[in-house]
>>> print(open('coords18.cif').read())   # mmCIF, C-alpha atoms
data_upload
loop_
_atom_site.label_atom_id
_atom_site.label_comp_id
_atom_site.auth_asym_id
_atom_site.auth_seq_id
_atom_site.Cartn_x
_atom_site.Cartn_y
_atom_site.Cartn_z
CA MET A 54 127.30 112.06 93.97
CA SER A 55 123.67 110.95 94.13
CA LEU A 56 122.37 108.16 91.95
CA LEU A 57 119.15 110.13 91.48
CA ASP A 58 118.60 113.03 89.12
CA THR A 59 118.29 115.56 91.94
CA ARG A 60 116.83 118.14 89.57
CA VAL A 61 113.60 116.10 89.65
CA PRO A 62 111.59 116.36 92.90
CA ALA A 63 109.44 113.60 94.34
CA VAL A 64 105.83 114.05 95.43
CA LEU A 65 104.32 111.55 97.86
CA LEU A 66 100.53 111.40 97.82
CA ARG A 67 98.45 109.93 100.63
CA ILE A 68 94.68 110.39 100.54
CA ASP A 69 94.00 108.05 103.47
CA ARG A 70 94.24 110.00 106.74
CA ASN A 71 96.51 107.99 109.02
CA PRO A 72 99.12 109.89 111.08
CA PHE A 73 100.95 106.65 111.93
CA HIS A 74 101.73 105.58 108.37
CA HIS A 75 105.44 104.83 108.66
CA GLY A 76 105.71 103.94 104.96
CA THR A 77 105.29 107.59 103.98
CA LEU A 78 108.10 108.58 106.32
CA GLY A 79 110.27 105.78 104.92
CA ALA A 80 109.75 107.04 101.37
CA ALA A 81 110.54 110.63 102.35
CA ARG A 82 113.74 109.53 104.07
CA SER A 83 114.86 107.28 101.22
CA LEU A 84 114.44 109.90 98.52
CA GLY A 85 115.59 112.80 100.70
CA ARG A 86 118.80 111.02 101.67
CA ALA A 87 119.50 110.47 97.98
CA GLY A 88 119.28 114.22 97.36
CA ALA A 89 115.78 114.63 95.95
CA ASP A 90 113.46 117.40 97.12
CA VAL A 91 110.53 115.60 98.73
CA HIS A 92 107.03 117.07 98.82
CA VAL A 93 104.26 115.33 100.77
CA VAL A 94 100.59 115.74 99.88
CA ALA A 95 98.79 114.31 102.92
CA GLU A 96 96.97 115.18 106.13
CA MET A 97 99.88 115.94 108.44
CA THR A 98 98.12 117.58 111.39
CA GLY A 99 99.83 116.09 114.41
CA SER A 100 101.73 113.58 112.26
CA PRO A 101 105.39 112.79 113.07
CA ILE A 102 106.24 113.09 109.37
CA ARG A 103 105.95 116.86 109.55
CA LYS A 104 109.07 116.84 111.75
CA SER A 105 111.23 114.97 109.25
CA ARG A 106 114.22 116.89 107.97
CA HIS A 107 113.88 115.07 104.65
CA VAL A 108 110.52 116.65 103.80
CA GLN A 109 110.96 119.79 101.72
CA ARG A 110 107.35 120.93 101.91
CA LEU A 111 103.93 119.72 103.08
CA HIS A 112 100.80 120.25 101.00
CA PRO A 113 97.18 119.74 102.10
CA PRO A 114 95.52 116.58 100.74
CA PRO A 115 92.26 116.28 98.81
CA ALA A 116 89.17 116.68 100.96
CA PRO A 117 87.42 113.46 102.02
CA GLY A 118 85.28 112.23 99.15
CA ALA A 119 86.99 114.52 96.63
CA SER A 120 86.04 113.94 92.99
CA PRO A 121 88.66 113.00 90.37
CA GLU A 122 88.47 116.52 88.98
CA GLU A 123 89.22 117.97 92.43
CA ILE A 124 92.18 115.62 92.91
CA VAL A 125 93.61 116.62 89.52
CA ALA A 126 93.18 120.31 90.29
CA LEU A 127 94.92 119.94 93.66
CA LEU A 128 97.88 117.99 92.23
CA LEU A 129 98.30 120.47 89.40
CA ARG A 130 98.37 123.32 91.94
CA VAL A 131 101.14 121.48 93.79
CA ALA A 132 103.02 121.04 90.50
CA ALA A 133 102.67 124.77 89.79
CA ARG A 134 104.29 125.56 93.16
CA ILE A 135 107.15 123.16 92.49
CA GLU A 136 107.67 124.54 88.96
CA ARG A 137 109.40 121.38 87.73
CA PRO A 138 108.19 117.97 86.58
CA ALA A 139 108.18 115.58 89.55
CA VAL A 140 107.99 111.85 90.16
CA LEU A 141 104.60 111.20 91.77
CA ILE A 142 104.36 108.19 94.13
CA PRO A 143 100.97 107.35 95.69
CA MET A 144 101.33 105.77 99.14
CA ASP A 145 97.84 104.25 99.46
CA ASP A 146 95.36 102.42 97.26
CA ALA A 147 93.01 105.38 96.92
CA GLY A 148 95.87 107.53 95.64
CA ALA A 149 97.18 104.84 93.31
CA VAL A 150 93.75 104.30 91.76
CA ALA A 151 93.11 108.03 91.31
CA VAL A 152 96.55 108.84 89.86
CA SER A 153 96.44 106.01 87.34
CA ARG A 154 93.01 107.00 86.10
CA LEU A 155 94.10 110.64 85.84
CA ARG A 156 97.45 109.96 84.18
CA THR A 157 96.63 111.87 80.97
CA GLU A 158 95.62 115.00 82.89
CA LEU A 159 98.63 114.81 85.24
CA THR A 160 101.34 114.51 82.58
CA PRO A 161 103.69 116.22 81.80
CA ALA A 162 103.57 117.87 85.24
CA TYR A 163 104.33 114.45 86.78
CA LEU A 164 106.37 111.44 85.74
CA LEU A 165 104.31 108.25 86.07
CA PRO A 166 104.57 104.59 85.01
CA GLN A 167 102.86 103.90 81.69
CA GLN A 168 100.22 101.17 81.84
CA SER A 169 96.48 100.65 81.48
CA PRO A 170 94.80 103.43 83.51
CA THR A 171 92.37 100.95 85.07
CA LEU A 172 94.90 98.25 86.06
CA PRO A 173 95.74 99.54 89.59
CA GLU A 174 92.02 99.76 90.34
CA ARG A 175 91.44 96.23 89.06
CA VAL A 176 94.22 94.62 91.09
CA ALA A 177 93.21 96.54 94.22
CA ASP A 178 89.60 95.41 93.79
CA LYS A 179 89.40 92.15 95.71
CA SER A 180 86.73 90.56 93.54
CA GLU A 181 88.56 91.28 90.29
CA LEU A 182 91.88 90.08 91.70
CA ALA A 183 90.37 86.64 92.35
CA GLN A 184 89.51 86.24 88.69
CA MET A 185 92.96 87.48 87.60
CA CYS A 186 94.60 84.90 89.82
CA ALA A 187 92.48 82.11 88.38
CA ALA A 188 93.43 83.14 84.85
CA ALA A 189 97.14 83.23 85.76
CA ASP A 190 97.02 79.95 87.75
CA VAL A 191 98.01 81.75 90.93
CA ALA A 192 96.70 80.27 94.16
CA HIS A 193 93.79 82.20 95.69
CA PRO A 194 91.27 81.21 98.38
CA CYS A 195 87.71 80.41 97.41
CA THR A 196 85.49 83.50 97.40
CA PHE A 197 81.80 84.11 96.86
CA VAL A 198 80.34 87.43 95.69
CA PRO A 199 76.67 87.25 96.69
CA GLU A 200 74.06 89.32 94.90
CA SER A 201 71.37 88.96 97.58
CA ALA A 202 71.04 88.24 101.28
CA GLU A 203 69.86 84.74 100.44
CA GLN A 204 72.96 84.11 98.32
CA ALA A 205 75.12 85.43 101.14
CA LEU A 206 73.59 82.94 103.58
CA SER A 207 73.95 80.13 101.04
CA ALA A 208 77.63 81.00 100.55
CA ALA A 209 78.14 81.05 104.32
CA ARG A 210 76.71 77.54 104.60
CA ARG A 211 79.12 76.34 101.92
CA LEU A 212 82.14 77.97 103.50
CA GLY A 213 81.32 77.21 107.12
CA PHE A 214 82.15 79.35 110.14
CA PRO A 215 84.24 81.23 110.90
CA LEU A 216 84.49 82.88 107.50
CA VAL A 217 85.98 86.09 106.20
CA ALA A 218 83.98 89.05 104.88
CA LYS A 219 85.69 91.74 102.82
CA TRP A 220 84.54 94.79 100.93
CA SER A 221 85.90 94.64 97.39
CA ARG A 222 87.00 98.31 97.33
CA PRO A 223 87.90 99.24 100.91
CA TRP A 224 89.16 102.70 99.96
CA LEU A 225 85.50 103.65 99.37
CA LEU A 226 84.40 102.92 102.94
CA PRO A 227 82.98 106.12 104.48
CA PRO A 228 84.98 107.43 107.47
CA GLY A 229 83.24 107.04 110.78
CA SER A 230 80.88 104.31 109.54
CA GLY A 231 82.44 101.65 111.73
CA LEU A 232 82.70 99.35 108.70
CA ARG A 233 85.90 97.36 108.46
CA SER A 234 87.43 96.34 105.18
CA THR A 235 87.96 92.81 106.52
CA SER A 236 86.04 91.01 109.27
CA VAL A 237 85.70 87.51 110.66
CA LEU A 238 82.05 86.46 110.85
CA ARG A 239 80.88 83.64 113.10
CA SER A 240 77.14 83.40 112.54
CA ALA A 241 74.46 83.67 109.86
CA GLN A 242 73.06 86.74 111.61
CA GLU A 243 76.38 88.56 111.28
CA VAL A 244 76.47 87.68 107.56
CA ARG A 245 72.98 89.05 106.96
CA GLU A 246 73.57 92.24 108.95
CA LEU A 247 76.79 93.02 107.12
CA TYR A 248 75.36 92.29 103.69
CA LEU A 249 72.53 94.76 104.31
CA ARG A 250 75.13 97.55 104.65
CA ARG A 251 76.52 97.06 101.12
CA GLU A 252 75.13 100.36 99.77
CA GLU A 253 76.67 102.25 102.66
CA ALA A 254 80.02 100.52 102.03
CA GLY A 255 80.14 101.62 98.39
CA SER A 256 81.33 98.28 96.97
CA ARG A 257 80.47 94.58 96.84
CA LEU A 258 80.77 92.21 99.78
CA LEU A 259 82.97 89.13 99.40
CA LEU A 260 82.70 86.02 101.57
CA GLN A 261 85.76 83.79 101.82
CA GLU A 262 86.77 80.71 103.74
CA PHE A 263 89.10 81.28 106.66
CA LEU A 264 92.80 80.44 106.43
CA PRO A 265 94.31 80.24 109.92
CA PRO A 266 97.57 82.06 110.62
CA GLY A 267 100.59 80.23 111.97
CA ASP A 268 104.36 80.09 112.09
CA ASP A 269 106.08 80.65 108.74
CA ARG A 270 102.77 81.25 106.94
CA ASP A 271 102.67 85.00 106.24
CA TRP A 272 104.86 86.23 103.37
CA PHE A 273 105.09 89.28 101.16
CA PHE A 274 106.76 90.40 97.95
CA HIS A 275 107.79 93.94 97.05
CA GLY A 276 109.12 95.01 93.68
CA TYR A 277 109.26 97.64 90.96
CA ALA A 278 108.31 96.68 87.39
CA ASP A 279 110.32 99.03 85.18
CA ARG A 280 109.39 100.53 81.80
CA SER A 281 110.14 97.24 80.03
CA GLY A 282 108.36 95.12 82.64
CA VAL A 283 111.50 93.76 84.31
CA MET A 284 111.12 93.39 88.08
CA ARG A 285 113.72 95.46 89.90
CA ALA A 286 114.59 96.07 93.55
CA GLY A 287 112.46 94.52 96.30
CA GLY A 288 112.43 90.90 97.41
CA THR A 289 110.51 88.30 99.42
CA GLY A 290 109.96 88.64 103.14
CA ARG A 291 108.41 86.77 106.03
CA LYS A 292 106.15 88.39 108.58
CA LEU A 293 107.44 87.48 112.04
CA SER A 294 105.00 89.61 114.02
CA ALA A 295 101.77 91.41 113.14
CA TRP A 296 99.55 94.05 114.68
CA PRO A 297 96.88 93.00 115.49
CA ARG A 298 98.40 89.60 116.21
CA GLY A 299 97.94 87.05 113.49
CA ALA A 300 96.01 89.36 111.20
CA GLY A 301 97.39 92.83 110.80
CA LEU A 302 100.20 94.89 109.35
CA THR A 303 103.83 93.81 109.58
CA ALA A 304 105.26 94.77 112.96
CA VAL A 305 108.44 92.72 112.49
CA GLY A 306 109.56 91.42 109.11
CA GLU A 307 112.61 89.62 107.78
CA TRP A 308 114.14 89.45 104.29
CA VAL A 309 114.02 85.73 103.43
CA PRO A 310 114.54 84.39 99.88
CA ASN A 311 111.53 82.42 98.63
CA ALA A 312 111.75 81.31 95.01
CA THR A 313 108.11 80.18 94.87
CA VAL A 314 106.70 83.50 96.07
CA ARG A 315 109.00 85.47 93.76
CA GLU A 316 108.19 83.39 90.67
CA GLN A 317 104.47 83.56 91.35
CA SER A 318 104.57 87.33 91.85
CA GLU A 319 106.64 88.04 88.75
CA ARG A 320 104.47 85.76 86.62
CA LEU A 321 101.29 87.54 87.67
CA ALA A 322 102.76 91.03 87.13
CA GLU A 323 104.05 90.04 83.69
CA ARG A 324 100.74 88.55 82.64
CA LEU A 325 98.91 91.72 83.70
CA GLY A 326 101.41 94.06 82.05
CA TYR A 327 101.87 95.81 85.37
CA ARG A 328 104.29 98.76 85.65
CA GLY A 329 105.39 100.52 88.82
CA ILE A 330 105.69 99.62 92.50
CA LEU A 331 103.75 96.67 93.88
CA ASP A 332 103.29 95.00 97.26
CA LEU A 333 101.82 91.50 97.34
CA ASP A 334 100.79 89.59 100.46
CA TYR A 335 100.57 85.83 100.81
CA ARG A 336 99.59 83.21 103.33
CA ARG A 337 100.86 79.66 103.05
CA CYS A 338 98.14 77.06 103.55
CA GLY A 339 99.07 74.75 106.41
CA THR A 340 97.37 71.80 104.68
CA THR A 341 98.49 72.10 101.06
CA GLY A 342 101.62 74.21 101.46
CA ARG A 343 100.50 76.51 98.63
CA TYR A 344 101.07 80.25 98.84
CA HIS A 345 97.72 82.04 98.56
CA LEU A 346 97.76 85.60 97.30
CA LEU A 347 95.79 87.74 99.71
CA ASP A 348 96.37 91.23 98.45
CA PHE A 349 97.81 93.10 95.46
CA ASN A 350 98.67 96.65 96.52
CA PRO A 351 99.54 98.90 93.54
CA ARG A 352 101.88 101.08 95.63
CA PRO A 353 104.71 100.73 98.18
CA GLY A 354 104.02 98.58 101.21
CA ALA A 355 104.65 100.28 104.55
CA GLN A 356 107.65 98.00 105.22
CA PHE A 357 109.28 98.51 101.79
CA ARG A 358 112.52 99.74 103.39
CA LEU A 359 113.20 96.16 104.49
CA PHE A 360 114.32 95.48 100.92
CA THR A 361 117.24 97.90 100.69
CA ASP A 362 120.16 96.23 98.93
CA THR A 363 123.91 96.81 99.22
CA ALA A 364 123.71 99.63 96.62
CA GLY A 365 121.04 101.43 98.66
CA LEU A 366 118.32 100.63 96.11
CA ASP A 367 114.71 100.23 97.23
CA VAL A 368 111.45 100.40 95.27
CA VAL A 369 110.88 104.16 95.56
CA ARG A 370 114.43 104.93 94.45
CA ALA A 371 114.01 102.42 91.62
CA GLN A 372 110.92 104.26 90.38
CA HIS A 373 112.63 107.65 90.53
CA LEU A 374 115.68 106.35 88.65
CA ASP A 375 113.65 104.52 86.01
CA LEU A 376 111.25 107.38 85.26
CA THR A 377 114.16 109.83 84.93
CA TYR A 378 116.00 107.42 82.58
CA ARG A 379 118.93 106.83 84.88
CA PRO A 380 120.59 103.42 85.35
CA LEU A 381 119.66 101.34 88.37
CA PRO A 382 122.69 100.18 90.37
CA GLU A 383 123.34 96.45 90.65
CA GLY A 384 123.45 95.74 94.38
CA GLU A 385 123.37 92.50 96.30
CA ALA A 386 120.40 91.21 98.29
CA ARG A 387 120.69 91.27 102.09
CA PRO A 388 118.89 88.16 103.42
CA GLY A 389 118.38 88.26 107.17
CA ARG A 390 117.83 92.02 107.21
CA ALA A 391 114.97 92.94 109.58
CA PHE A 392 112.40 95.73 109.78
CA VAL A 393 110.68 96.67 113.06
CA VAL A 394 107.80 99.08 113.70
CA GLU A 395 108.57 100.33 117.20
CA ASN A 396 105.09 101.33 118.35
CA TYR A 397 103.67 97.92 117.38
CA ALA A 398 106.67 95.84 118.52
CA PRO A 399 108.49 97.84 121.23
CA LEU A 400 110.24 94.83 122.78
CA SER A 401 111.66 93.78 119.43
CA ALA A 402 112.84 97.33 118.84
CA LEU A 403 114.63 97.45 122.19
CA ARG A 404 116.25 94.05 121.81
CA ARG A 405 119.89 94.18 120.78
CA VAL A 406 120.62 92.30 117.57
CA ARG A 407 123.72 91.55 115.55
CA THR A 408 121.91 91.35 112.22
CA ASP A 409 121.15 94.27 109.93
CA ARG A 410 117.95 95.98 111.09
CA GLU A 411 116.00 99.14 110.28
CA LEU A 412 113.45 100.79 112.54
CA ALA A 413 110.36 102.35 111.03
CA TRP A 414 110.44 105.56 113.09
CA TYR A 415 113.82 106.06 114.71
CA ALA A 416 116.75 107.21 112.57
CA GLY A 417 119.96 108.84 113.72
CA ASP A 418 119.80 111.44 110.96
CA ASP A 419 116.09 112.18 111.53
CA ALA A 420 115.51 111.83 115.26
CA ALA A 421 112.82 114.50 115.56
CA ALA A 422 110.30 112.42 113.63
CA GLY A 423 110.85 109.45 115.94
CA ARG A 424 110.40 111.56 119.06
CA ALA A 425 107.23 113.08 117.65
CA MET A 426 105.83 109.60 116.97
CA TRP A 427 106.25 108.54 120.59
CA ALA A 428 104.60 111.70 121.90
CA LEU A 429 101.65 111.25 119.53
CA TRP A 430 101.42 107.52 120.19
CA CYS A 431 101.38 107.85 123.96
CA ALA A 432 98.67 110.49 123.77
CA HIS A 433 96.64 108.31 121.42
CA VAL A 434 96.94 105.18 123.59
CA THR A 435 95.98 107.19 126.68
CA ARG A 436 92.83 108.45 124.94
CA ARG A 437 91.93 104.92 123.86
CA LEU A 438 92.39 103.48 127.34
CA TRP A 439 90.44 106.28 128.95
CA GLY A 440 87.62 105.78 126.48
CA ARG A 441 87.46 102.09 127.32
CA LEU A 442 87.37 102.77 131.04
CA ARG A 443 84.41 105.09 130.55
CA ARG A 444 82.35 102.55 128.64
CA THR A 445 79.30 101.31 130.46
CA GLY A 446 79.48 97.90 128.85
CA PRO A 447 82.14 95.61 127.43
CA GLY A 448 83.22 96.21 123.87
CA PRO A 449 83.45 93.53 121.18
CA ALA A 450 86.14 90.92 121.66
CA PRO A 451 89.18 91.49 119.46
CA GLU A 452 89.52 89.20 116.49
CA ALA A 453 92.57 86.94 116.67
CA GLY A 454 92.94 86.62 112.94
CA PHE A 455 91.09 86.61 109.69
CA GLY A 456 91.67 85.74 106.11
CA ALA A 457 90.13 85.69 102.74
CA GLY A 458 90.55 84.92 99.13
CA ALA A 459 88.41 84.60 96.09
CA CYS A 460 87.29 81.85 93.81
CA GLY A 461 84.23 83.10 92.05
CA GLU A 462 80.67 84.30 92.24
CA VAL A 463 77.48 82.88 93.70
CA PRO A 464 75.82 82.03 91.33
CA PRO A 465 76.60 81.45 88.49
CA ARG A 466 80.06 80.11 89.19
CA VAL A 467 82.83 79.66 91.70
CA ILE A 468 86.48 80.12 90.76
CA ARG A 469 88.31 77.26 92.42
CA ARG A 470 91.43 77.17 90.34
CA GLY A 471 94.39 78.18 92.47
CA ALA A 472 94.25 79.92 95.77
CA VAL A 473 95.55 83.34 96.52
CA ARG A 474 94.74 85.26 99.54
CA GLU A 475 94.11 88.88 99.68
CA GLY A 476 94.43 91.11 102.73
CA SER A 477 93.35 94.66 103.08
CA PRO A 478 93.46 97.62 105.36
CA GLN A 479 91.03 97.88 108.22
CA THR A 480 89.81 100.78 110.26
CA GLY A 481 89.55 100.64 113.99
CA LEU A 482 93.03 99.32 114.76
CA PRO A 483 94.56 100.23 118.07
CA GLY A 484 96.89 103.06 117.22
CA VAL A 485 94.98 104.20 114.15
CA PRO A 486 92.18 106.70 114.62
CA GLU A 487 88.74 105.38 113.74
CA ALA A 488 88.13 108.22 111.29
CA GLY A 489 91.72 108.52 110.17
CA GLY A 490 91.98 105.98 107.39
CA HIS A 491 93.04 102.39 107.11
CA ALA A 492 95.92 100.55 108.66
CA ASP A 493 98.27 99.19 106.07
CA ASP A 494 98.05 95.55 104.98
CA GLU A 495 95.60 93.86 107.27
CA LYS A 496 95.32 90.28 106.08
CA ALA A 497 93.19 87.21 106.17
CA GLY A 498 92.91 84.09 104.13
CA SER A 499 91.53 80.69 103.37
CA CYS A 500 92.46 77.41 101.80
#
>>> encode(input="coords18.cif", output="structure tokens")
Amino acid sequence: MSLLDTRVPAVLLRIDRNPFHHGTLGAARSLGRAGADVHVVAEMTGSPIRKSRHVQRLHPPPAPGASPEEIVALLLRVAARIERPAVLIPMDDAGAVAVSRLRTELTPAYLLPQQSPTLPERVADKSELAQMCAAADVAHPCTFVPESAEQALSAARRLGFPLVAKWSRPWLLPPGSGLRSTSVLRSAQEVRELYLRREEAGSRLLLQEFLPPGDDRDWFFHGYADRSGVMRAGGTGRKLSAWPRGAGLTAVGEWVPNATVREQSERLAERLGYRGILDLDYRRCGTTGRYHLLDFNPRPGAQFRLFTDTAGLDVVRAQHLDLTYRPLPEGEARPGRAFVVENYAPLSALRRVRTDRELAWYAGDDAAAGRAMWALWCAHVTRRLWGRLRRTGPGPAPEAGFGAGACGEVPPRVIRRGAVREGSPQTGLPGVPEAGGHADDEKAGSC
């Protein structure tokens, strides 16, 4: 018998157009295996997820640049087809922000966490998160928010090079613009040129000091804050390998208890009154040893399946159970459990291990999706390599790592209390189409 109320479907929403988003597949598998009917609202053309046996039905996503009214209308049409109230789980920041703001219009067609409608947008906004961290005494790297090109250059002189540049609301970046949500800048000219594109980017530019990556420095916390604010499911993990190296999404992760990261995460969520799924990313400063919050994602992280306990509970199952008023099982944590994304870490995926491990794409009960991923991936890599061979000149050198945080504004003030580091998605990753959305959880930091 399923723990879930199988009369209540689940709807996964992804506005960002990324065919390689393994987190969406993980959510579909988790809920589908537990007996729920899973509907996916996302761009699935050519995506491996369309082959999953755990997806009941695919629905087209909102058009790029859709207004809130258009998003509401689309989701209500999906609800009319389903003909039953459903648990709605956004899988990207753009979806989380839109759904929270539209909560009144979407209920009772959908079951959603009850909290301030603007809170997901505030925590996802990198400039606002810096101020929240300062108020909660949570470590965050120093950040400047310049209001002019001259202030940007002044901030760069204070921070020194290299430094990190981030757009405060990366989900607003226009597709095809070539703008990245996070970049490492190495000269005053680069700072000026990027600042002059702020109107095109659609949000403010942040400049942050650089926090180098290193062994045992990248950590994350996943959890679900239930109706009463108690943190359920999830856990703390360490990033063992990233793509791109030293800066990107988790290619290999391990469940490792970390009392400091957990306490810091729960304290911040409680202070904010946060409800629902969250994914927080940290980098430990090699000098001070403090854990700097880099990113607060108000939705499941792509590697959320790492934190599946002995009762089979993960954050998406926790949300479904809680919103349908069913008890959450009391399972045991599974430290040492690993999560591997095969297309970003193929050698790790092929290596035989004795510990508990889950692959992002391959699953014995859902093999078609894994096979489809490899076919799509190989075709994508071939196109990328061919495009590089046809270039007449060398392309820009890849960035080895980047980081950022926030400590205030320039002028009138700089928030220096604490240091949390915030990472964000970035377009242009190998394996993610330039116009197809953001890679999940690309990080950078400073101390």
>>> closest_residue(input="coords18.cif", among="A:Arg444, A:Arg280, A:Arg110, A:Arg336", to="Arg379 of chain A", atoms="only C-alpha atoms")
A:Arg280
>>> resolve_selection(input="coords18.cif", expression="the PyMOL selection byres ((chain A and resi 362-367) around 9)", output="list of chain:residue names")
A:Ser83, A:Gly276, A:Tyr277, A:Arg285, A:Ala286, A:Gly287, A:Phe357, A:Arg358, A:Leu359, A:Phe360, A:Thr361, A:Val368, A:Val369, A:Arg370, A:Ala371, A:Gln372, A:Leu381, A:Pro382, A:Glu383, A:Gly384, A:Glu385, A:Ala386, A:Arg387
>>> atom_distance(input="coords18.cif", atom1="atom CA of Pro199 of chain A", atom2="atom CA of Leu247 of chain A")
11.9 Å
>>> closest_residue(input="coords18.cif", among="A:Glu96, A:Gln184, A:Leu225, A:Glu395", to="Ala151 of chain A", atoms="all atoms listed in the file")
A:Leu225
>>> residues_around(input="coords18.cif", residues="segment 162-170 of chain A", least_positions_apart="5", cutoff="6 Å", atoms="all atoms listed in the file", output="list of chain:residue names")
A:Pro138, A:Ala139, A:Val140, A:Leu141, A:Ser153, A:Arg154, A:Arg328, A:Gly329
>>> write_last_selection(input="coords18.cif", atoms="C-alpha atoms", output="short mmCIF file (atom, residue, chain, number, x, y, z; two decimals), keeping the file's coordinate frame")
data_model
loop_
_atom_site.label_atom_id
_atom_site.label_comp_id
_atom_site.auth_asym_id
_atom_site.auth_seq_id
_atom_site.Cartn_x
_atom_site.Cartn_y
_atom_site.Cartn_z
CA PRO A 138 108.19 117.97 86.58
CA ALA A 139 108.18 115.58 89.55
CA VAL A 140 107.99 111.85 90.16
CA LEU A 141 104.60 111.20 91.77
CA SER A 153 96.44 106.01 87.34
CA ARG A 154 93.01 107.00 86.10
CA ARG A 328 104.29 98.76 85.65
CA GLY A 329 105.39 100.52 88.82
#
>>> closest_residue(input="coords18.cif", among="A:Val309, A:Ala304, A:Ala202, A:Leu376", to="Ala402 of chain A", atoms="only C-alpha atoms")
A:Ala304
>>> atom_distance(input="coords18.cif", atom1="atom CA of Pro310 of chain A", atom2="atom CA of Pro266 of chain A")
20.2 Å
